[in-house]
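input.cif, holding mmCIF, C-alpha atoms:
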data_model
loop_
_atom_site.label_atom_id
_atom_site.label_comp_id
_atom_site.auth_asym_id
_atom_site.auth_seq_id
_atom_site.Cartn_x
_atom_site.Cartn_y
_atom_site.Cartn_z
CA MET B 1011 44.60 69.61 22.96
CA ARG B 1012 42.96 66.30 24.01
CA GLU B 1013 39.81 67.11 22.03
CA GLU B 1014 41.86 66.61 18.86
CA TYR B 1015 42.15 62.86 19.56
CA ILE B 1016 39.49 60.37 18.47
CA THR B 1017 38.94 56.70 19.35
CA VAL B 1018 39.81 53.75 17.16
CA SER B 1019 36.09 52.93 16.85
CA GLN B 1020 35.42 56.45 15.61
CA LEU B 1021 38.14 56.14 13.01
CA ASN B 1022 36.92 52.74 11.78
CA ARG B 1023 33.35 54.01 11.67
CA TYR B 1024 34.46 56.99 9.62
CA MET B 1025 36.42 54.82 7.22
CA ARG B 1026 33.36 52.63 6.81
CA TYR B 1027 31.30 55.74 6.08
CA LEU B 1028 33.78 56.94 3.47
CA ILE B 1029 33.85 53.57 1.71
CA GLU B 1030 30.10 52.92 1.79
CA THR B 1031 29.31 56.38 0.44
CA ASN B 1032 31.69 55.85 -2.47
CA GLU B 1033 29.53 54.66 -5.36
CA ASN B 1034 32.50 53.02 -7.06
CA LEU B 1035 32.86 50.63 -4.11
CA GLN B 1036 29.20 49.54 -3.89
CA ASP B 1037 29.22 47.41 -7.01
CA VAL B 1038 32.69 45.93 -7.35
CA HIS B 1039 33.55 43.05 -9.70
CA LEU B 1040 36.70 41.10 -8.85
CA LYS B 1041 38.45 38.04 -10.16
CA GLY B 1042 40.93 36.02 -8.19
CA GLU B 1043 41.85 32.75 -6.54
CA ILE B 1044 40.18 31.42 -3.38
CA SER B 1045 42.31 30.61 -0.34
CA ASN B 1046 41.65 30.01 3.37
CA PHE B 1047 38.13 28.90 2.49
CA LYS B 1048 35.82 28.10 5.41
CA ALA B 1049 32.14 27.13 5.32
CA HIS B 1050 30.49 28.19 8.58
CA THR B 1051 27.92 25.92 10.23
CA ARG B 1052 25.33 28.67 9.75
CA GLY B 1053 25.84 28.52 5.98
CA HIS B 1054 28.11 31.57 5.48
CA TYR B 1055 31.32 31.37 3.43
CA TYR B 1056 34.53 33.07 4.66
CA PHE B 1057 37.56 33.16 2.39
CA THR B 1058 40.39 35.23 0.95
CA LEU B 1059 40.45 36.36 -2.67
CA LYS B 1060 43.97 36.82 -4.00
CA ASP B 1061 46.04 37.36 -7.12
CA GLU B 1062 49.79 37.24 -7.66
CA THR B 1063 50.60 40.18 -5.34
CA SER B 1064 47.56 41.12 -3.23
CA ARG B 1065 44.64 39.73 -1.27
CA ILE B 1066 41.34 40.84 0.25
CA SER B 1067 39.07 39.21 2.85
CA ALA B 1068 35.66 38.15 1.61
CA ILE B 1069 32.40 36.97 3.11
CA MET B 1070 29.34 35.53 1.42
CA PHE B 1071 26.22 35.21 3.55
CA ALA B 1072 24.01 32.09 3.45
CA SER B 1073 21.23 33.91 1.61
CA GLN B 1074 23.60 34.43 -1.33
CA VAL B 1075 25.37 31.07 -1.02
CA SER B 1076 22.18 29.24 -1.99
CA LYS B 1077 22.34 30.84 -5.46
CA ILE B 1078 25.64 29.32 -6.59
CA LYS B 1079 25.86 25.90 -8.29
CA PHE B 1080 29.19 24.65 -6.96
CA VAL B 1081 31.12 24.23 -3.74
CA PRO B 1082 34.07 26.68 -3.59
CA MET B 1083 37.43 25.33 -2.56
CA ASP B 1084 41.00 26.55 -2.13
CA GLY B 1085 42.77 27.12 -5.43
CA MET B 1086 39.56 27.71 -7.38
CA LYS B 1087 39.51 30.80 -9.62
CA VAL B 1088 36.28 32.78 -9.53
CA PHE B 1089 34.53 35.96 -10.54
CA VAL B 1090 32.76 37.71 -7.64
CA SER B 1091 30.52 40.74 -7.36
CA GLY B 1092 29.67 42.68 -4.24
CA LYS B 1093 30.27 45.78 -2.17
CA VAL B 1094 33.35 46.85 -0.20
CA SER B 1095 33.02 47.91 3.44
CA VAL B 1096 34.94 48.03 6.71
CA TYR B 1097 34.51 45.56 9.54
CA GLU B 1098 34.71 48.00 12.47
CA THR B 1099 35.83 45.44 15.04
CA ASN B 1100 39.30 44.98 13.49
CA GLY B 1101 39.37 47.88 11.03
CA ALA B 1102 39.87 45.57 8.05
CA TYR B 1103 38.12 46.30 4.83
CA GLN B 1104 36.56 43.37 2.96
CA ILE B 1105 34.22 42.56 0.14
CA TYR B 1106 30.70 41.32 0.86
CA VAL B 1107 30.03 38.92 -2.03
CA ASN B 1108 26.52 38.59 -3.44
CA SER B 1109 27.36 36.50 -6.54
CA MET B 1110 30.10 34.11 -7.58
CA ILE B 1111 30.80 32.26 -10.81
CA GLU B 1112 33.62 29.97 -11.78
CA ASP B 1113 36.45 31.27 -13.90
CA GLY B 1114 37.00 29.04 -16.90
CA ILE B 1115 37.09 25.36 -17.73
CA GLY B 1116 39.38 24.44 -14.84
CA ASN B 1117 36.75 25.31 -12.28
CA LEU B 1118 34.03 23.50 -14.20
CA TYR B 1119 36.25 20.45 -14.17
CA ILE B 1120 36.68 20.75 -10.39
CA ALA B 1121 32.90 20.97 -9.96
CA PHE B 1122 32.51 17.95 -12.27
CA GLU B 1123 34.93 15.88 -10.20
CA GLN B 1124 33.26 16.91 -6.93
CA ARG B 1125 29.82 15.89 -8.16
CA LYS B 1126 31.12 12.70 -9.73
CA LYS B 1127 32.73 11.64 -6.46
CA LYS B 1128 29.59 12.42 -4.46
CA LEU B 1129 27.24 10.46 -6.72
CA GLN B 1130 29.66 7.56 -7.02
CA GLU B 1131 29.82 7.25 -3.23
CA GLU B 1132 26.01 7.20 -3.17
CA GLY B 1133 26.05 4.19 -5.54
CA LEU B 1134 24.50 5.81 -8.62
CA PHE B 1135 27.25 4.40 -10.87
CA ALA B 1136 27.14 0.82 -9.52
CA ASP B 1137 26.86 -1.97 -12.09
CA ALA B 1138 24.31 -3.72 -9.88
CA HIS B 1139 21.77 -1.05 -10.83
CA LYS B 1140 22.38 -1.22 -14.58
CA LYS B 1141 19.42 -2.50 -16.62
CA LYS B 1142 19.87 -4.68 -19.69
CA ILE B 1143 19.20 -3.12 -23.08
CA PRO B 1144 16.72 -5.31 -25.04
CA ARG B 1145 18.14 -6.98 -28.10
CA ILE B 1146 15.20 -6.23 -30.42
CA PRO B 1147 13.10 -3.30 -29.13
CA GLU B 1148 9.65 -2.42 -30.42
CA ARG B 1149 9.40 1.17 -29.14
CA ILE B 1150 12.24 3.63 -28.49
CA GLY B 1151 12.10 7.06 -26.86
CA VAL B 1152 14.54 9.93 -27.46
CA VAL B 1153 15.05 12.86 -25.07
CA THR B 1154 16.87 15.62 -26.95
CA ALA B 1155 16.34 18.91 -28.74
CA PRO B 1156 13.64 18.64 -31.44
CA THR B 1157 15.95 20.33 -33.92
CA GLY B 1158 19.62 19.80 -34.56
CA ALA B 1159 22.01 17.15 -35.75
CA ALA B 1160 21.47 14.75 -32.83
CA ILE B 1161 17.83 13.87 -33.53
CA ARG B 1162 18.47 13.73 -37.27
CA ASP B 1163 21.38 11.33 -36.82
CA ILE B 1164 19.40 9.12 -34.44
CA LEU B 1165 16.33 8.90 -36.68
CA SER B 1166 18.28 8.30 -39.88
CA THR B 1167 20.38 5.58 -38.23
CA ILE B 1168 17.32 3.78 -36.84
CA ARG B 1169 15.48 3.95 -40.17
CA ARG B 1170 18.52 2.57 -41.94
CA ARG B 1171 19.23 -0.23 -39.49
CA PHE B 1172 15.81 -1.31 -38.22
CA PRO B 1173 12.86 0.63 -39.69
CA HIS B 1174 10.25 -1.58 -37.97
CA VAL B 1175 10.77 0.04 -34.55
CA GLU B 1176 8.56 2.92 -33.35
CA VAL B 1177 10.40 6.08 -32.24
CA LEU B 1178 8.89 8.68 -29.88
CA LEU B 1179 10.53 12.08 -29.41
CA PHE B 1180 10.40 13.83 -26.03
CA PRO B 1181 11.58 17.35 -26.95
CA SER B 1182 13.77 19.03 -24.35
CA LEU B 1183 16.14 21.89 -23.80
CA VAL B 1184 19.70 20.58 -23.80
CA GLN B 1185 21.60 23.75 -22.96
CA GLY B 1186 21.15 26.66 -20.60
CA GLU B 1187 19.87 27.31 -17.10
CA GLN B 1188 16.50 25.58 -17.57
CA ALA B 1189 17.84 22.53 -19.40
CA LYS B 1190 18.43 20.32 -16.35
CA GLU B 1191 14.81 20.57 -15.16
CA ASP B 1192 13.50 19.99 -18.68
CA ILE B 1193 15.65 16.91 -19.30
CA ALA B 1194 14.73 15.38 -15.93
CA ARG B 1195 11.02 16.08 -16.53
CA GLN B 1196 11.06 14.43 -19.97
CA ILE B 1197 12.86 11.33 -18.60
CA LYS B 1198 10.13 10.90 -15.99
CA ARG B 1199 7.41 11.58 -18.57
CA ALA B 1200 8.79 8.90 -20.90
CA GLU B 1201 8.10 6.17 -18.34
CA ALA B 1202 4.37 6.36 -19.11
CA PHE B 1203 4.80 5.32 -22.78
CA ASP B 1204 5.73 1.63 -22.42
CA LEU B 1205 9.21 2.06 -23.93
CA ASP B 1206 11.79 -0.67 -24.37
CA VAL B 1207 14.72 1.76 -24.25
CA LEU B 1208 15.26 5.52 -23.93
CA ILE B 1209 18.08 7.53 -25.55
CA VAL B 1210 19.08 10.71 -23.68
CA GLY B 1211 21.60 13.11 -25.19
CA ARG B 1212 22.60 15.87 -27.55
CA GLY B 1213 25.26 16.75 -30.10
CA GLY B 1214 28.74 18.01 -29.38
CA GLY B 1215 29.75 21.29 -27.77
CA SER B 1216 31.94 22.88 -25.14
CA LEU B 1217 31.98 21.77 -21.51
CA GLU B 1218 29.66 24.65 -20.68
CA ASP B 1219 27.28 23.57 -23.47
CA LEU B 1220 27.14 20.00 -22.14
CA TRP B 1221 26.88 21.02 -18.48
CA ALA B 1222 23.15 20.23 -18.13
CA PHE B 1223 24.07 16.53 -18.36
CA ASN B 1224 26.37 16.94 -15.34
CA GLU B 1225 23.57 18.22 -13.11
CA GLU B 1226 22.29 16.14 -10.18
CA GLU B 1227 18.66 16.47 -11.29
CA VAL B 1228 19.44 14.71 -14.57
CA ALA B 1229 21.64 12.07 -12.91
CA ARG B 1230 18.99 11.17 -10.35
CA ALA B 1231 16.22 11.08 -12.99
CA ILE B 1232 18.29 8.60 -15.04
CA TYR B 1233 19.01 6.49 -11.95
CA ALA B 1234 15.32 6.38 -10.96
CA SER B 1235 14.04 5.52 -14.45
CA ARG B 1236 12.37 2.13 -14.88
CA VAL B 1237 13.20 2.24 -18.61
CA PRO B 1238 16.76 1.27 -19.66
CA ILE B 1239 18.64 4.42 -20.72
CA ILE B 1240 21.42 4.90 -23.26
CA SER B 1241 23.33 8.18 -22.82
CA ALA B 1242 24.53 9.93 -25.98
CA VAL B 1243 26.13 13.25 -25.07
CA GLY B 1244 28.59 15.06 -27.32
CA HIS B 1245 31.47 13.39 -29.10
CA GLU B 1246 33.40 10.24 -28.29
CA VAL B 1247 35.91 12.12 -26.11
CA ASP B 1248 33.17 13.82 -24.06
CA PHE B 1249 32.18 12.26 -20.76
CA THR B 1250 29.36 13.53 -18.55
CA ILE B 1251 27.89 12.33 -15.27
CA ALA B 1252 24.86 11.15 -17.24
CA ASP B 1253 27.19 8.66 -18.99
CA PHE B 1254 28.24 7.13 -15.67
CA VAL B 1255 24.67 6.78 -14.36
CA ALA B 1256 23.08 5.50 -17.58
CA ASP B 1257 22.67 1.79 -18.20
CA LEU B 1258 24.79 2.09 -21.35
CA ARG B 1259 27.01 4.88 -22.69
CA ALA B 1260 27.21 5.62 -26.41
CA PRO B 1261 30.08 7.71 -27.82
CA THR B 1262 27.73 9.78 -30.04
CA PRO B 1263 24.00 10.08 -30.79
CA THR B 1264 24.57 7.98 -33.91
CA GLY B 1265 26.32 5.38 -31.75
CA ALA B 1266 23.34 5.37 -29.39
CA ALA B 1267 20.99 4.54 -32.23
CA GLU B 1268 23.30 1.71 -33.31
CA LEU B 1269 23.32 0.32 -29.78
CA ALA B 1270 19.57 0.68 -29.39
CA VAL B 1271 18.52 -1.28 -32.49
CA PRO B 1272 20.07 -4.18 -34.37
CA ASN B 1273 20.92 -4.10 -38.04
CA GLN B 1274 18.01 -5.53 -40.04
CA SER B 1275 20.32 -7.68 -42.14
CA ASP B 1276 21.96 -9.01 -38.96
CA VAL B 1277 18.56 -9.93 -37.57
CA LYS B 1278 17.66 -11.74 -40.78
CA ASN B 1279 20.96 -13.64 -40.70
CA TYR B 1280 20.41 -14.42 -37.04
CA LEU B 1281 16.92 -15.77 -37.76
CA ILE B 1282 18.28 -17.87 -40.61
CA GLN B 1283 20.93 -19.28 -38.28
CA LEU B 1284 18.27 -19.99 -35.67
CA GLU B 1285 16.16 -21.79 -38.28
CA ILE B 1286 19.14 -23.90 -39.36
CA ARG B 1287 20.01 -24.73 -35.75
CA LEU B 1288 16.37 -25.53 -34.96
CA LYS B 1289 16.03 -27.89 -37.94
CA LYS B 1290 19.29 -29.57 -37.05
CA ALA B 1291 18.24 -29.96 -33.42
CA MET B 1292 14.85 -31.38 -34.44
CA LEU B 1293 16.49 -33.81 -36.89
CA ASN B 1294 18.97 -34.93 -34.23
CA ARG B 1295 16.15 -35.45 -31.75
CA LEU B 1296 14.09 -37.37 -34.31
CA ASN B 1297 17.02 -39.61 -35.28
CA GLY B 1298 17.81 -40.18 -31.64
CA ASN B 1299 14.23 -41.21 -30.89
CA LYS B 1300 14.19 -43.50 -33.92
CA GLN B 1301 17.37 -45.19 -32.74
CA ALA B 1302 16.00 -45.57 -29.22
CA LEU B 1303 12.77 -47.10 -30.61
CA LYS B 1304 14.77 -49.47 -32.79
CA GLN B 1305 16.76 -50.66 -29.77
CA LEU B 1306 13.58 -51.20 -27.79
CA LEU B 1307 11.98 -53.22 -30.56
CA SER B 1308 15.10 -55.38 -30.83
CA ARG B 1309 14.81 -56.54 -27.22
CA PRO B 1310 13.61 -60.13 -26.64
CA VAL B 1311 10.57 -59.00 -24.72
CA PHE B 1312 9.18 -57.31 -27.82
CA LYS B 1313 10.13 -60.18 -30.13
CA GLN B 1314 8.70 -62.91 -27.83
CA PRO B 1315 6.41 -61.16 -25.34
CA LEU B 1316 5.11 -64.53 -23.96
CA ARG B 1317 8.51 -65.12 -22.38
CA LEU B 1318 7.88 -62.23 -20.04
CA TYR B 1319 4.52 -63.80 -19.10
CA GLU B 1320 6.09 -67.25 -18.59
CA ALA B 1321 8.70 -65.82 -16.22
CA LYS B 1322 5.99 -64.14 -14.18
CA GLU B 1323 3.95 -67.39 -14.13
CA GLN B 1324 6.95 -69.30 -12.78
CA GLN B 1325 7.58 -66.66 -10.16
CA PHE B 1326 3.91 -66.83 -9.15
CA ASP B 1327 4.08 -70.62 -8.75
CA LEU B 1328 7.11 -70.34 -6.50
CA LEU B 1329 5.39 -67.77 -4.31
CA TYR B 1330 2.22 -69.86 -4.19
CA GLU B 1331 4.10 -72.97 -3.01
CA LYS B 1332 5.98 -70.96 -0.43
CA LEU B 1333 2.72 -69.56 0.88
CA LYS B 1334 1.22 -73.05 1.18
CA ASP B 1335 4.25 -74.27 3.14
CA VAL B 1336 3.98 -71.38 5.54
CA MET B 1337 0.24 -71.98 6.02
CA TRP B 1338 0.71 -75.69 6.76
CA GLN B 1339 3.48 -74.87 9.23
CA LYS B 1340 1.14 -72.49 11.05
CA ILE B 1341 -1.68 -75.08 11.09
CA GLY B 1342 0.66 -77.77 12.44
CA ALA B 1343 1.85 -75.51 15.24
CA LYS B 1344 -1.72 -74.70 16.27
CA LYS B 1345 -2.64 -78.44 16.22
CA HIS B 1346 0.29 -79.19 18.51
CA GLN B 1347 -0.81 -76.49 20.93
CA LEU B 1348 -4.35 -77.97 20.94
CA GLU B 1349 -3.06 -81.47 21.76
CA LEU B 1350 -1.06 -80.11 24.67
CA ILE B 1351 -4.18 -78.40 26.03
CA LYS B 1352 -6.19 -81.63 25.69
CA GLU B 1353 -3.56 -83.55 27.65
CA SER B 1354 -3.46 -81.00 30.45
CA PHE B 1355 -4.92 -81.69 33.97
CA LEU B 1356 -7.37 -78.83 33.65
CA PHE B 1357 -8.90 -80.22 30.48
CA LYS B 1358 -9.17 -83.81 31.80
CA MET B 1359 -10.45 -83.18 35.39
CA PRO B 1360 -11.99 -79.72 35.55
CA MET B 1361 -14.19 -80.63 38.65
CA GLU B 1362 -11.16 -81.55 40.73
CA LEU B 1363 -9.69 -78.14 40.03
CA LEU B 1364 -13.01 -76.57 41.06
CA ASP B 1365 -13.07 -78.58 44.35
CA THR B 1366 -9.55 -77.39 45.12
CA LYS B 1367 -10.53 -73.77 44.57
CA LYS B 1368 -13.65 -74.28 46.78
CA GLN B 1369 -11.60 -75.77 49.63
CA ARG B 1370 -9.21 -72.77 49.51
CA TYR B 1371 -12.20 -70.43 49.69
CA VAL B 1372 -13.73 -72.18 52.73
CA PHE B 1373 -10.39 -72.22 54.53
CA ALA B 1374 -10.00 -68.47 53.97
CA LEU B 1375 -13.50 -67.83 55.38
CA GLU B 1376 -12.70 -69.85 58.50
CA LYS B 1377 -9.54 -67.86 59.08
CA LEU B 1378 -11.48 -64.61 58.75
CA GLU B 1379 -14.11 -65.91 61.18
CA LEU B 1380 -11.47 -66.70 63.78
CA LEU B 1381 -10.18 -63.15 63.52
CA ASN B 1382 -13.69 -61.66 63.88
CA PRO B 1383 -13.76 -59.64 67.17
CA MET B 1384 -17.54 -60.26 67.58
CA LEU B 1385 -16.86 -63.94 68.31
CA THR B 1386 -14.63 -62.85 71.19
CA LEU B 1387 -17.46 -60.72 72.57
CA LYS B 1388 -19.87 -63.66 72.35
CA ARG B 1389 -17.60 -65.62 74.63
CA GLY B 1390 -18.02 -63.00 77.40
CA TYR B 1391 -15.15 -60.68 76.61
CA THR B 1392 -15.41 -56.91 76.18
CA ILE B 1393 -13.44 -54.27 74.30
CA ALA B 1394 -12.32 -51.04 76.03
CA LYS B 1395 -12.06 -47.97 73.80
CA LYS B 1396 -10.91 -44.43 74.26
CA GLY B 1397 -12.61 -42.59 71.47
CA GLU B 1398 -12.27 -44.73 68.36
CA LYS B 1399 -9.03 -46.35 69.51
CA ALA B 1400 -8.97 -49.69 71.35
CA ILE B 1401 -7.16 -49.65 74.75
CA THR B 1402 -4.48 -52.36 74.90
CA SER B 1403 -2.40 -51.11 77.85
CA ILE B 1404 -3.18 -49.74 81.34
CA ALA B 1405 -0.77 -46.98 80.50
CA ASP B 1406 -3.32 -45.63 78.03
CA VAL B 1407 -5.90 -45.15 80.83
CA GLU B 1408 -6.04 -42.05 82.99
CA VAL B 1409 -7.84 -41.70 86.34
CA ASN B 1410 -11.08 -39.67 86.39
CA THR B 1411 -11.61 -40.08 82.62
CA SER B 1412 -14.40 -41.90 80.82
CA ILE B 1413 -13.85 -44.95 78.64
CA GLN B 1414 -16.25 -46.99 76.49
CA ILE B 1415 -16.87 -50.68 77.24
CA THR B 1416 -18.18 -52.56 74.16
CA PHE B 1417 -20.24 -55.75 74.74
CA GLN B 1418 -21.74 -58.20 72.30
CA ASP B 1419 -25.02 -56.36 72.21
CA GLY B 1420 -24.10 -52.76 73.12
CA TYR B 1421 -21.68 -50.53 74.97
CA ALA B 1422 -21.46 -48.60 78.28
CA LEU B 1423 -19.53 -45.55 79.42
CA THR B 1424 -17.66 -45.84 82.73
CA GLU B 1425 -15.39 -43.55 84.72
CA VAL B 1426 -12.00 -44.71 85.91
CA LYS B 1427 -11.62 -44.14 89.66
CA GLU B 1428 -8.36 -46.01 90.16
CA LYS B 1429 -5.91 -48.00 88.01
CA TYR B 1430 -3.45 -50.74 88.88
CA GLN B 1431 -0.51 -52.02 86.88
CA ASN B 1432 0.97 -55.52 87.14
#

Please express what this file holds, its structure, as structure tokens.
Amino acid sequence: MREEYITVSQLNRYMRYLIETNENLQDVHLKGEISNFKAHTRGHYYFTLKDETSRISAIMFASQVSKIKFVPMDGMKVFVSGKVSVYETNGAYQIYVNSMIEDGIGNLYIAFEQRKKKLQEEGLFADAHKKKIPRIPERIGVVTAPTGAAIRDILSTIRRRFPHVEVLLFPSLVQGEQAKEDIARQIKRAEAFDLDVLIVGRGGGSLEDLWAFNEEEVARAIYASRVPIISAVGHEVDFTIADFVADLRAPTPTGAAELAVPNQSDVKNYLIQLEIRLKKAMLNRLNGNKQALKQLLSRPVFKQPLRLYEAKEQQFDLLYEKLKDVMWQKIGAKKHQLELIKESFLFKMPMELLDTKKQRYVFALEKLELLNPMLTLKRGYTIAKKGEKAITSIADVEVNTSIQITFQDGYALTEVKEKYQN
């Protein structure tokens, strides 16, 4: 009886076998709404696909995730393809997704908002990075399809408004899978042609048709361009990420051409106004200079220039007299100092001063002679030394030690046998 029982693992394995050998379950196409979405750190996606009444677990491995163009999120409606199998650990059957596309305009709008938020946070839309569109360009580039209404409208508008400008076309795909790379490549290529401004765009279409201008590759190429860019995508109501990154957004390709070049008649009128303003400014400057010259010539110094010379002559005379007074004061002071010197004792009796100095010198020599120890020795005295030091007290003498006795004409060493103190 017990041999009739099988394990749970055996059952789940068998169910997996039944499902995986069913050809109808190996290529399943489902549509539904995502819920419980989780992006694993290893790159796998885990989520639930549901409709109004049912749900199924789903997994999409990292190798397949890299192929989709958007980030799934709860509430997003999608189409998925994959195979159905059983996860033996819990016995649940699930779909292993190998492709996923968004279901309808709503999901494209969600992807648009996600990308817009990301690039805005990175600073690609900041006004600080916007370049100024030149007022009167000489060379304009256009990145768009070589055929179609957009290029025709742009060229006809430029020829009508300002035919003197040179226009270069950089043909590009504007729709489809390869369009984003082509648009970005042509934007980068245009930088080598010394352009004043570059128009990037296409004619109208659905959100899917315009989607290439919402791609990151195109947005980053516009942001990195050294040439000022005017975006011209779709109709006036259409907004793409390219519009937010571009230096200037035009509502239509025709509008882009109007923003890129001035109207020839407006330029002529502007030049006429500049000429009028220039003539008026020159006339005002000339009249002002004439008036200033007239005022200068009316001054007394120009009418009677010798008056200016006379004033300077008078000023010179005053300075000259003042200088003479100062010089005579200095001379008088020096004369007075000389008279005082002449009246001094030193000037009148210089020899008496010399005799006084001589007497002081002789007196100093006599004092030094009296203090000379050699005179004391000549009178019969001696000097006792211990080493280089003179002995002045019996306390400095020790018995059985030698001392030096200095005479007038030499010295002798003697040994102390006894000492006596008064």

Inset, instruction - Mind giving me the straight-line distance from atom CA of B:Lys1126 to atom CA of B:Ile1251 in Å, one decimal? - result: 6.4 Å

Mind giving me the axis-aligned box for stretch 1237-1246 of chain B with 3 Å on every side, centre plus edges in Å to one decimal, as lines of an AutoDock Vina configuration file?
center_x = 23.3
center_y = 8.2
center_z = -23.9
size_x = 26.2
size_y = 19.8
size_z = 16.5

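The two atoms in question, atom CA of B:Val1409 and atom CA of B:Glu1425, are spaced 7.9 Å apart.
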
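One finds atom CA of B:Lys1041 at 27.3 Å from atom CA of B:Lys1127.
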
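With distances taken over all atoms listed in the file, B:Pro1082 is the one residue among B:Gly1101, B:Pro1147, B:Pro1272, B:Pro1082 lying closest to B:Leu1118.
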
With N, CA and C atoms as the goal, would you fill in the gaps in stretch 1094-1106 of chain B and present it as a PDB file, in the frame of the given file?
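File out_29.pdb, as written:
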ATOM      1  N   VAL B1094      32.215  46.776  -1.111  1.00  0.00           N
ATOM      2  CA  VAL B1094      33.350  46.850  -0.200  1.00  0.00           C
ATOM      3  C   VAL B1094      32.931  47.665   1.022  1.00  0.00           C
ATOM      4  N   SER B1095      33.326  47.177   2.202  1.00  0.00           N
ATOM      5  CA  SER B1095      33.020  47.910   3.440  1.00  0.00           C
ATOM      6  C   SER B1095      34.103  47.597   4.455  1.00  0.00           C
ATOM      7  N   VAL B1096      33.970  48.222   5.629  1.00  0.00           N
ATOM      8  CA  VAL B1096      34.940  48.030   6.710  1.00  0.00           C
ATOM      9  C   VAL B1096      34.259  47.278   7.841  1.00  0.00           C
ATOM     10  N   TYR B1097      34.962  46.256   8.348  1.00  0.00           N
ATOM     11  CA  TYR B1097      34.510  45.560   9.540  1.00  0.00           C
ATOM     12  C   TYR B1097      35.089  46.301  10.742  1.00  0.00           C
ATOM     13  N   GLU B1098      34.223  47.056  11.459  1.00  0.00           N
ATOM     14  CA  GLU B1098      34.710  48.000  12.470  1.00  0.00           C
ATOM     15  C   GLU B1098      35.492  47.340  13.586  1.00  0.00           C
ATOM     16  N   THR B1099      35.195  46.097  13.897  1.00  0.00           N
ATOM     17  CA  THR B1099      35.830  45.440  15.040  1.00  0.00           C
ATOM     18  C   THR B1099      37.355  45.384  14.890  1.00  0.00           C
ATOM     19  N   ASN B1100      37.850  45.063  13.674  1.00  0.00           N
ATOM     20  CA  ASN B1100      39.300  44.980  13.490  1.00  0.00           C
ATOM     21  C   ASN B1100      39.823  45.989  12.468  1.00  0.00           C
ATOM     22  N   GLY B1101      38.952  46.843  11.948  1.00  0.00           N
ATOM     23  CA  GLY B1101      39.370  47.880  11.030  1.00  0.00           C
ATOM     24  C   GLY B1101      39.766  47.400   9.658  1.00  0.00           C
ATOM     25  N   ALA B1102      39.486  46.119   9.348  1.00  0.00           N
ATOM     26  CA  ALA B1102      39.870  45.570   8.050  1.00  0.00           C
ATOM     27  C   ALA B1102      38.744  45.809   7.050  1.00  0.00           C
ATOM     28  N   TYR B1103      39.138  46.164   5.853  1.00  0.00           N
ATOM     29  CA  TYR B1103      38.120  46.300   4.830  1.00  0.00           C
ATOM     30  C   TYR B1103      38.009  44.983   4.082  1.00  0.00           C
ATOM     31  N   GLN B1104      36.810  44.653   3.616  1.00  0.00           N
ATOM     32  CA  GLN B1104      36.560  43.370   2.960  1.00  0.00           C
ATOM     33  C   GLN B1104      35.412  43.543   1.975  1.00  0.00           C
ATOM     34  N   ILE B1105      35.287  42.524   1.124  1.00  0.00           N
ATOM     35  CA  ILE B1105      34.220  42.560   0.140  1.00  0.00           C
ATOM     36  C   ILE B1105      33.108  41.628   0.581  1.00  0.00           C
ATOM     37  N   TYR B1106      31.881  42.114   0.539  1.00  0.00           N
ATOM     38  CA  TYR B1106      30.700  41.320   0.860  1.00  0.00           C
ATOM     39  C   TYR B1106      30.131  40.813  -0.461  1.00  0.00           C
TER      40      TYR B1106
END
